[in-house]
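This is upload.cif. It holds mmCIF, C-alpha atoms.
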```
data_final
#
loop_
_atom_site.label_atom_id
_atom_site.label_comp_id
_atom_site.auth_asym_id
_atom_site.auth_seq_id
_atom_site.Cartn_x
_atom_site.Cartn_y
_atom_site.Cartn_z
CA MET A 1 112.62 -142.46 33.66
CA ASN A 2 115.37 -140.96 31.59
CA THR A 3 117.93 -138.44 32.82
CA MET A 4 116.07 -135.42 31.40
CA ASN A 5 112.81 -136.45 33.06
CA ARG A 6 114.58 -136.96 36.40
CA ALA A 7 116.19 -133.53 36.12
CA LEU A 8 112.85 -131.89 35.29
CA THR A 9 111.16 -133.67 38.19
CA ALA A 10 113.89 -132.56 40.59
CA TYR A 11 113.65 -128.97 39.33
CA THR A 12 109.86 -129.01 39.69
CA ASP A 13 110.12 -130.40 43.23
CA VAL A 14 112.58 -127.67 44.29
CA ASP A 15 110.48 -125.00 42.57
CA LEU A 16 107.35 -126.18 44.39
CA GLN A 17 109.14 -126.34 47.76
CA THR A 18 110.37 -122.78 47.26
CA ALA A 19 106.89 -121.58 46.27
CA VAL A 20 105.33 -123.19 49.35
CA ALA A 21 108.02 -121.86 51.70
CA THR A 22 107.55 -118.28 50.52
CA ALA A 23 103.78 -118.26 49.94
CA SER A 24 101.15 -116.38 51.91
CA PRO A 25 98.12 -118.38 53.10
CA VAL A 26 96.16 -117.16 50.07
CA GLN A 27 98.96 -118.17 47.72
CA LEU A 28 99.05 -121.62 49.37
CA ILE A 29 95.37 -122.06 48.52
CA VAL A 30 96.14 -121.15 44.89
CA LEU A 31 98.94 -123.76 44.89
CA LEU A 32 96.47 -126.37 46.15
CA TYR A 33 94.05 -125.53 43.36
CA ASP A 34 96.94 -125.77 40.89
CA GLY A 35 97.81 -129.22 42.23
CA ALA A 36 94.24 -130.48 41.97
CA LEU A 37 93.85 -129.11 38.44
CA ALA A 38 97.14 -130.66 37.32
CA ALA A 39 96.19 -134.03 38.81
CA LEU A 40 92.81 -133.97 37.07
CA ALA A 41 94.29 -132.97 33.72
CA SER A 42 96.72 -135.88 34.00
CA ALA A 43 93.91 -138.20 35.12
CA LYS A 44 91.90 -137.26 32.05
CA GLY A 45 94.85 -138.18 29.84
CA ARG A 46 95.28 -141.51 31.62
CA MET A 47 91.54 -142.12 31.27
CA GLN A 48 91.79 -141.63 27.50
CA GLU A 49 94.83 -143.94 27.38
CA MET A 50 92.92 -146.54 29.46
CA LYS A 51 95.65 -146.48 32.12
CA LEU A 52 93.08 -147.01 34.82
CA ALA A 53 95.34 -147.52 37.83
CA GLU A 54 97.22 -144.28 37.13
CA LYS A 55 93.92 -142.48 36.47
CA GLY A 56 92.55 -143.67 39.79
CA ALA A 57 95.63 -142.58 41.70
CA LEU A 58 95.52 -139.10 40.15
CA ILE A 59 91.81 -138.69 40.87
CA SER A 60 92.45 -139.83 44.45
CA LYS A 61 95.17 -137.20 44.72
CA ALA A 62 92.73 -134.51 43.53
CA ILE A 63 90.08 -135.73 45.99
CA GLY A 64 92.68 -135.51 48.77
CA ILE A 65 93.50 -131.94 47.81
CA VAL A 66 89.81 -130.99 47.73
CA GLU A 67 89.41 -132.58 51.16
CA GLY A 68 92.40 -130.56 52.36
CA LEU A 69 90.77 -127.38 51.09
CA ARG A 70 87.56 -128.36 52.89
CA SER A 71 89.40 -129.10 56.13
CA VAL A 72 90.86 -125.59 56.42
CA LEU A 73 87.52 -123.82 56.19
CA ASP A 74 86.79 -121.72 59.26
CA HIS A 75 83.03 -121.86 59.75
CA GLU A 76 83.17 -119.43 62.66
CA LYS A 77 84.73 -116.63 60.62
CA GLY A 78 83.52 -117.68 57.19
CA GLY A 79 79.84 -118.17 57.95
CA GLU A 80 77.74 -118.74 54.86
CA ILE A 81 80.72 -118.61 52.48
CA ALA A 82 82.45 -121.41 54.38
CA ARG A 83 79.23 -123.48 54.44
CA ASN A 84 78.76 -123.00 50.69
CA LEU A 85 82.37 -123.91 49.96
CA GLU A 86 82.07 -127.02 52.13
CA ALA A 87 78.99 -128.13 50.20
CA LEU A 88 80.74 -127.44 46.89
CA TYR A 89 83.87 -129.36 47.94
CA ASP A 90 81.68 -132.28 49.04
CA TYR A 91 79.93 -132.23 45.66
CA MET A 92 83.29 -132.18 43.85
CA LYS A 93 84.55 -135.19 45.80
CA ARG A 94 81.40 -137.17 45.00
CA ARG A 95 81.52 -136.12 41.34
CA LEU A 96 85.16 -137.16 41.06
CA ALA A 97 84.48 -140.53 42.67
CA SER A 98 81.64 -141.10 40.21
CA ALA A 99 83.75 -139.98 37.24
CA ASN A 100 86.47 -142.37 38.34
CA LEU A 101 84.10 -145.35 38.57
CA ARG A 102 82.41 -144.58 35.25
CA ASN A 103 85.51 -143.40 33.34
CA ASP A 104 83.58 -140.20 32.70
CA PRO A 105 85.77 -137.39 31.34
CA ALA A 106 82.81 -134.98 31.54
CA GLY A 107 82.84 -135.36 35.32
CA LEU A 108 86.51 -134.43 35.42
CA ASP A 109 85.85 -131.46 33.15
CA GLU A 110 83.02 -130.27 35.38
CA VAL A 111 85.15 -130.34 38.51
CA MET A 112 88.10 -128.76 36.70
CA GLY A 113 85.77 -125.92 35.68
CA LEU A 114 84.60 -125.43 39.26
CA LEU A 115 88.14 -125.55 40.62
CA GLY A 116 89.32 -123.18 37.91
CA ASN A 117 86.64 -120.63 38.81
CA LEU A 118 87.50 -120.83 42.50
CA ARG A 119 91.21 -120.60 41.71
CA GLU A 120 90.66 -117.40 39.73
CA ALA A 121 88.87 -115.84 42.71
CA TRP A 122 91.80 -116.73 44.97
CA VAL A 123 94.29 -115.39 42.41
CA ALA A 124 92.38 -112.09 42.39
CA LEU A 125 92.40 -112.07 46.20
CA ALA A 126 96.17 -112.70 46.20
CA ALA A 127 96.71 -109.82 43.78
CA ARG A 128 94.58 -107.51 45.90
CA GLU A 129 96.42 -108.69 49.00
CA ARG A 130 99.81 -107.86 47.44
CA GLN A 131 98.62 -104.36 46.53
CA GLN A 132 97.02 -103.48 49.86
CA LEU A 133 98.83 -105.21 52.69
CA PRO A 134 102.30 -104.75 54.13
CA VAL A 135 104.41 -107.90 53.91
CA ALA A 136 104.04 -108.69 57.64
CA GLN A 137 100.26 -108.88 57.36
CA MET A 138 100.30 -111.23 54.35
CA ALA A 139 100.88 -114.19 56.68
CA GLU A 140 97.34 -113.86 58.08
CA ALA A 141 94.62 -116.08 56.62
CA PRO A 142 91.51 -114.45 55.14
CA ALA A 143 88.14 -114.74 56.88
CA GLY A 144 86.64 -118.19 56.50
CA LEU A 145 89.98 -119.96 56.39
CA SER A 146 92.25 -121.40 58.99
CA LEU A 147 95.55 -122.89 57.97
CA ARG A 148 95.83 -125.08 61.02
CA ALA A 149 97.83 -128.27 60.86
#
```
Written form, structure tokens:
Amino acid sequence: MNTMNRALTAYTDVDLQTAVATASPVQLIVLLYDGALAALASAKGRMQEMKLAEKGALISKAIGIVEGLRSVLDHEKGGEIARNLEALYDYMKRRLASANLRNDPAGLDEVMGLLGNLREAWVALAARERQQLPVAQMAEAPAGLSLRA
């Protein structure tokens, strides 16, 4: 890695750490979607380049993020929405595993589309949250989500 790439990586790492440290729970969810989408876009490139080990690692990263999103669902508060999201996340993980095994870019595209749609809903929620809530209340998670460790 050359000096410029190292500097960009360091800048990106600091930028991400700052974003996470200052984010509301809703904004953290958006950051997770961003991470999954970035990993899948990179995986698709590695798939086209036939860099299969790198592709597999990136898809595994995306699957881990999707599992993380699934793990914070609060079924008690979220009810049917949480159940539907859990089923969708499970489908995405299976679809990504299949796309990885078959080197199927269409599978990656499908999941990126689903994640992108969900991300947009969370972005809209974050915007609404910023307009309606005082700063102190922004630390609370929305119904259906628990940001437990």
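For the choices A:Ala121, A:Ala57, A:Leu96, A:Ala43, the atom-to-atom distance to Ile29 of chain A is smallest for A:Ala121 when using all atoms listed in the file.
Closest to Ile59 of chain A among A:Leu118, A:Ile81, A:Leu28, A:Ala36 is A:Ala36, based on all atoms listed in the file.
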Would you mind reading off the distance between atom CA of Glu49 of chain A and atom CA of Ala106 of chain A, one decimal, in Å?
15.6 Å
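Of the listed residues (A:Pro25, A:Gly64, A:Gly107, A:Gly56), A:Pro25 comes nearest to Val123 of chain A; the distances count all atoms listed in the file.
Reported to one decimal place, the separation of atom CA of Leu114 of chain A from atom CA of Asn84 of chain A is 13.1 Å.
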Atom pair atom CA of Lys93 of chain A + atom CA of Glu67 of chain A, distance 7.7 Å
Expand the PyMOL selection byres ((chain A and resi 70) around 10) into the explicit residue set it covers here, and present it as an mmCIF file with C-alpha atoms, in the coordinates of the input.
```cif
data_model
loop_
_atom_site.group_PDB
_atom_site.id
_atom_site.type_symbol
_atom_site.label_atom_id
_atom_site.label_comp_id
_atom_site.auth_asym_id
_atom_site.auth_seq_id
_atom_site.Cartn_x
_atom_site.Cartn_y
_atom_site.Cartn_z
ATOM 1 C CA GLY A 64 92.680 -135.510 48.770
ATOM 2 C CA ILE A 65 93.500 -131.940 47.810
ATOM 3 C CA VAL A 66 89.810 -130.990 47.730
ATOM 4 C CA GLU A 67 89.410 -132.580 51.160
ATOM 5 C CA GLY A 68 92.400 -130.560 52.360
ATOM 6 C CA LEU A 69 90.770 -127.380 51.090
ATOM 7 C CA SER A 71 89.400 -129.100 56.130
ATOM 8 C CA VAL A 72 90.860 -125.590 56.420
ATOM 9 C CA LEU A 73 87.520 -123.820 56.190
ATOM 10 C CA ASP A 74 86.790 -121.720 59.260
ATOM 11 C CA ALA A 82 82.450 -121.410 54.380
ATOM 12 C CA ARG A 83 79.230 -123.480 54.440
ATOM 13 C CA LEU A 85 82.370 -123.910 49.960
ATOM 14 C CA GLU A 86 82.070 -127.020 52.130
ATOM 15 C CA ALA A 87 78.990 -128.130 50.200
ATOM 16 C CA LEU A 88 80.740 -127.440 46.890
ATOM 17 C CA TYR A 89 83.870 -129.360 47.940
ATOM 18 C CA ASP A 90 81.680 -132.280 49.040
ATOM 19 C CA LEU A 145 89.980 -119.960 56.390
#
```
For Leu40 of chain A, list every protein, DNA or RNA residue within 7 Å, evaluated using all atoms listed in the file, and leave out those in the same chain fewer than 5 positions away; present the list as JSON, numbers by chain.
{"A": [58, 59, 62, 108]}
Axis-aligned box for all listed atoms of segment 76-89 of chain A, 3 Å per side, centre and edges in Å to one decimal, as lines of an AutoDock Vina configuration file:
```
center_x = 81.2
center_y = -123.0
center_z = 54.8
size_x = 13.0
size_y = 18.7
size_z = 21.8
```
Can you patch up segment 59-87 of chain A, filling it in to N, CA and C atoms, and show the result as a compact mmCIF listing (two decimals), in the coordinates of the input?
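Generated output (rebuild-v3.txt):
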```txt
# COMPACT_ATOMS: atom_id res chain seq x y z
N ILE A 59 93.11 -139.19 40.38
CA ILE A 59 91.81 -138.69 40.87
C ILE A 59 91.80 -138.73 42.40
N SER A 60 92.35 -139.76 42.98
CA SER A 60 92.45 -139.83 44.45
C SER A 60 93.28 -138.68 45.00
N LYS A 61 94.35 -138.34 44.30
CA LYS A 61 95.17 -137.20 44.72
C LYS A 61 94.35 -135.93 44.70
N ALA A 62 93.58 -135.71 43.63
CA ALA A 62 92.73 -134.51 43.53
C ALA A 62 91.68 -134.50 44.63
N ILE A 63 91.08 -135.65 44.91
CA ILE A 63 90.08 -135.73 45.99
C ILE A 63 90.74 -135.38 47.32
N GLY A 64 91.95 -135.85 47.54
CA GLY A 64 92.68 -135.51 48.77
C GLY A 64 92.94 -134.02 48.89
N ILE A 65 93.27 -133.38 47.79
CA ILE A 65 93.50 -131.94 47.81
C ILE A 65 92.20 -131.20 48.11
N VAL A 66 91.11 -131.62 47.47
CA VAL A 66 89.81 -130.99 47.73
C VAL A 66 89.43 -131.18 49.19
N GLU A 67 89.69 -132.35 49.74
CA GLU A 67 89.41 -132.58 51.16
C GLU A 67 90.28 -131.68 52.03
N GLY A 68 91.53 -131.48 51.63
CA GLY A 68 92.40 -130.56 52.36
C GLY A 68 91.87 -129.15 52.34
N LEU A 69 91.38 -128.71 51.19
CA LEU A 69 90.77 -127.38 51.09
C LEU A 69 89.54 -127.28 52.01
N ARG A 70 88.75 -128.34 52.03
CA ARG A 70 87.56 -128.36 52.89
C ARG A 70 87.95 -128.30 54.36
N SER A 71 89.02 -128.99 54.71
CA SER A 71 89.40 -129.10 56.13
C SER A 71 89.92 -127.79 56.72
N VAL A 72 90.35 -126.85 55.88
CA VAL A 72 90.86 -125.59 56.42
C VAL A 72 89.80 -124.50 56.47
N LEU A 73 88.59 -124.82 56.10
CA LEU A 73 87.52 -123.82 56.19
C LEU A 73 87.27 -123.47 57.65
N ASP A 74 87.09 -122.20 57.91
CA ASP A 74 86.79 -121.72 59.26
C ASP A 74 85.34 -121.27 59.27
N HIS A 75 84.47 -122.14 59.76
CA HIS A 75 83.03 -121.86 59.75
C HIS A 75 82.67 -120.71 60.68
N GLU A 76 83.45 -120.52 61.71
CA GLU A 76 83.17 -119.43 62.66
C GLU A 76 83.36 -118.07 61.99
N LYS A 77 84.46 -117.90 61.29
CA LYS A 77 84.73 -116.63 60.62
C LYS A 77 84.08 -116.55 59.24
N GLY A 78 83.98 -117.68 58.57
CA GLY A 78 83.52 -117.68 57.19
C GLY A 78 82.03 -117.72 57.00
N GLY A 79 81.30 -118.15 58.02
CA GLY A 79 79.84 -118.17 57.95
C GLY A 79 79.30 -118.87 56.72
N GLU A 80 78.43 -118.17 56.01
CA GLU A 80 77.74 -118.74 54.86
C GLU A 80 78.71 -119.11 53.73
N ILE A 81 79.74 -118.31 53.53
CA ILE A 81 80.72 -118.61 52.48
C ILE A 81 81.39 -119.95 52.77
N ALA A 82 81.80 -120.15 54.01
CA ALA A 82 82.45 -121.41 54.38
C ALA A 82 81.48 -122.58 54.21
N ARG A 83 80.22 -122.40 54.60
CA ARG A 83 79.23 -123.48 54.44
C ARG A 83 79.02 -123.80 52.96
N ASN A 84 78.94 -122.78 52.13
CA ASN A 84 78.76 -123.00 50.69
C ASN A 84 79.98 -123.69 50.07
N LEU A 85 81.16 -123.26 50.47
CA LEU A 85 82.37 -123.91 49.96
C LEU A 85 82.44 -125.37 50.41
N GLU A 86 82.06 -125.64 51.65
CA GLU A 86 82.07 -127.02 52.13
C GLU A 86 81.14 -127.89 51.30
N ALA A 87 79.94 -127.38 51.02
CA ALA A 87 78.99 -128.13 50.20
C ALA A 87 79.54 -128.34 48.79
```
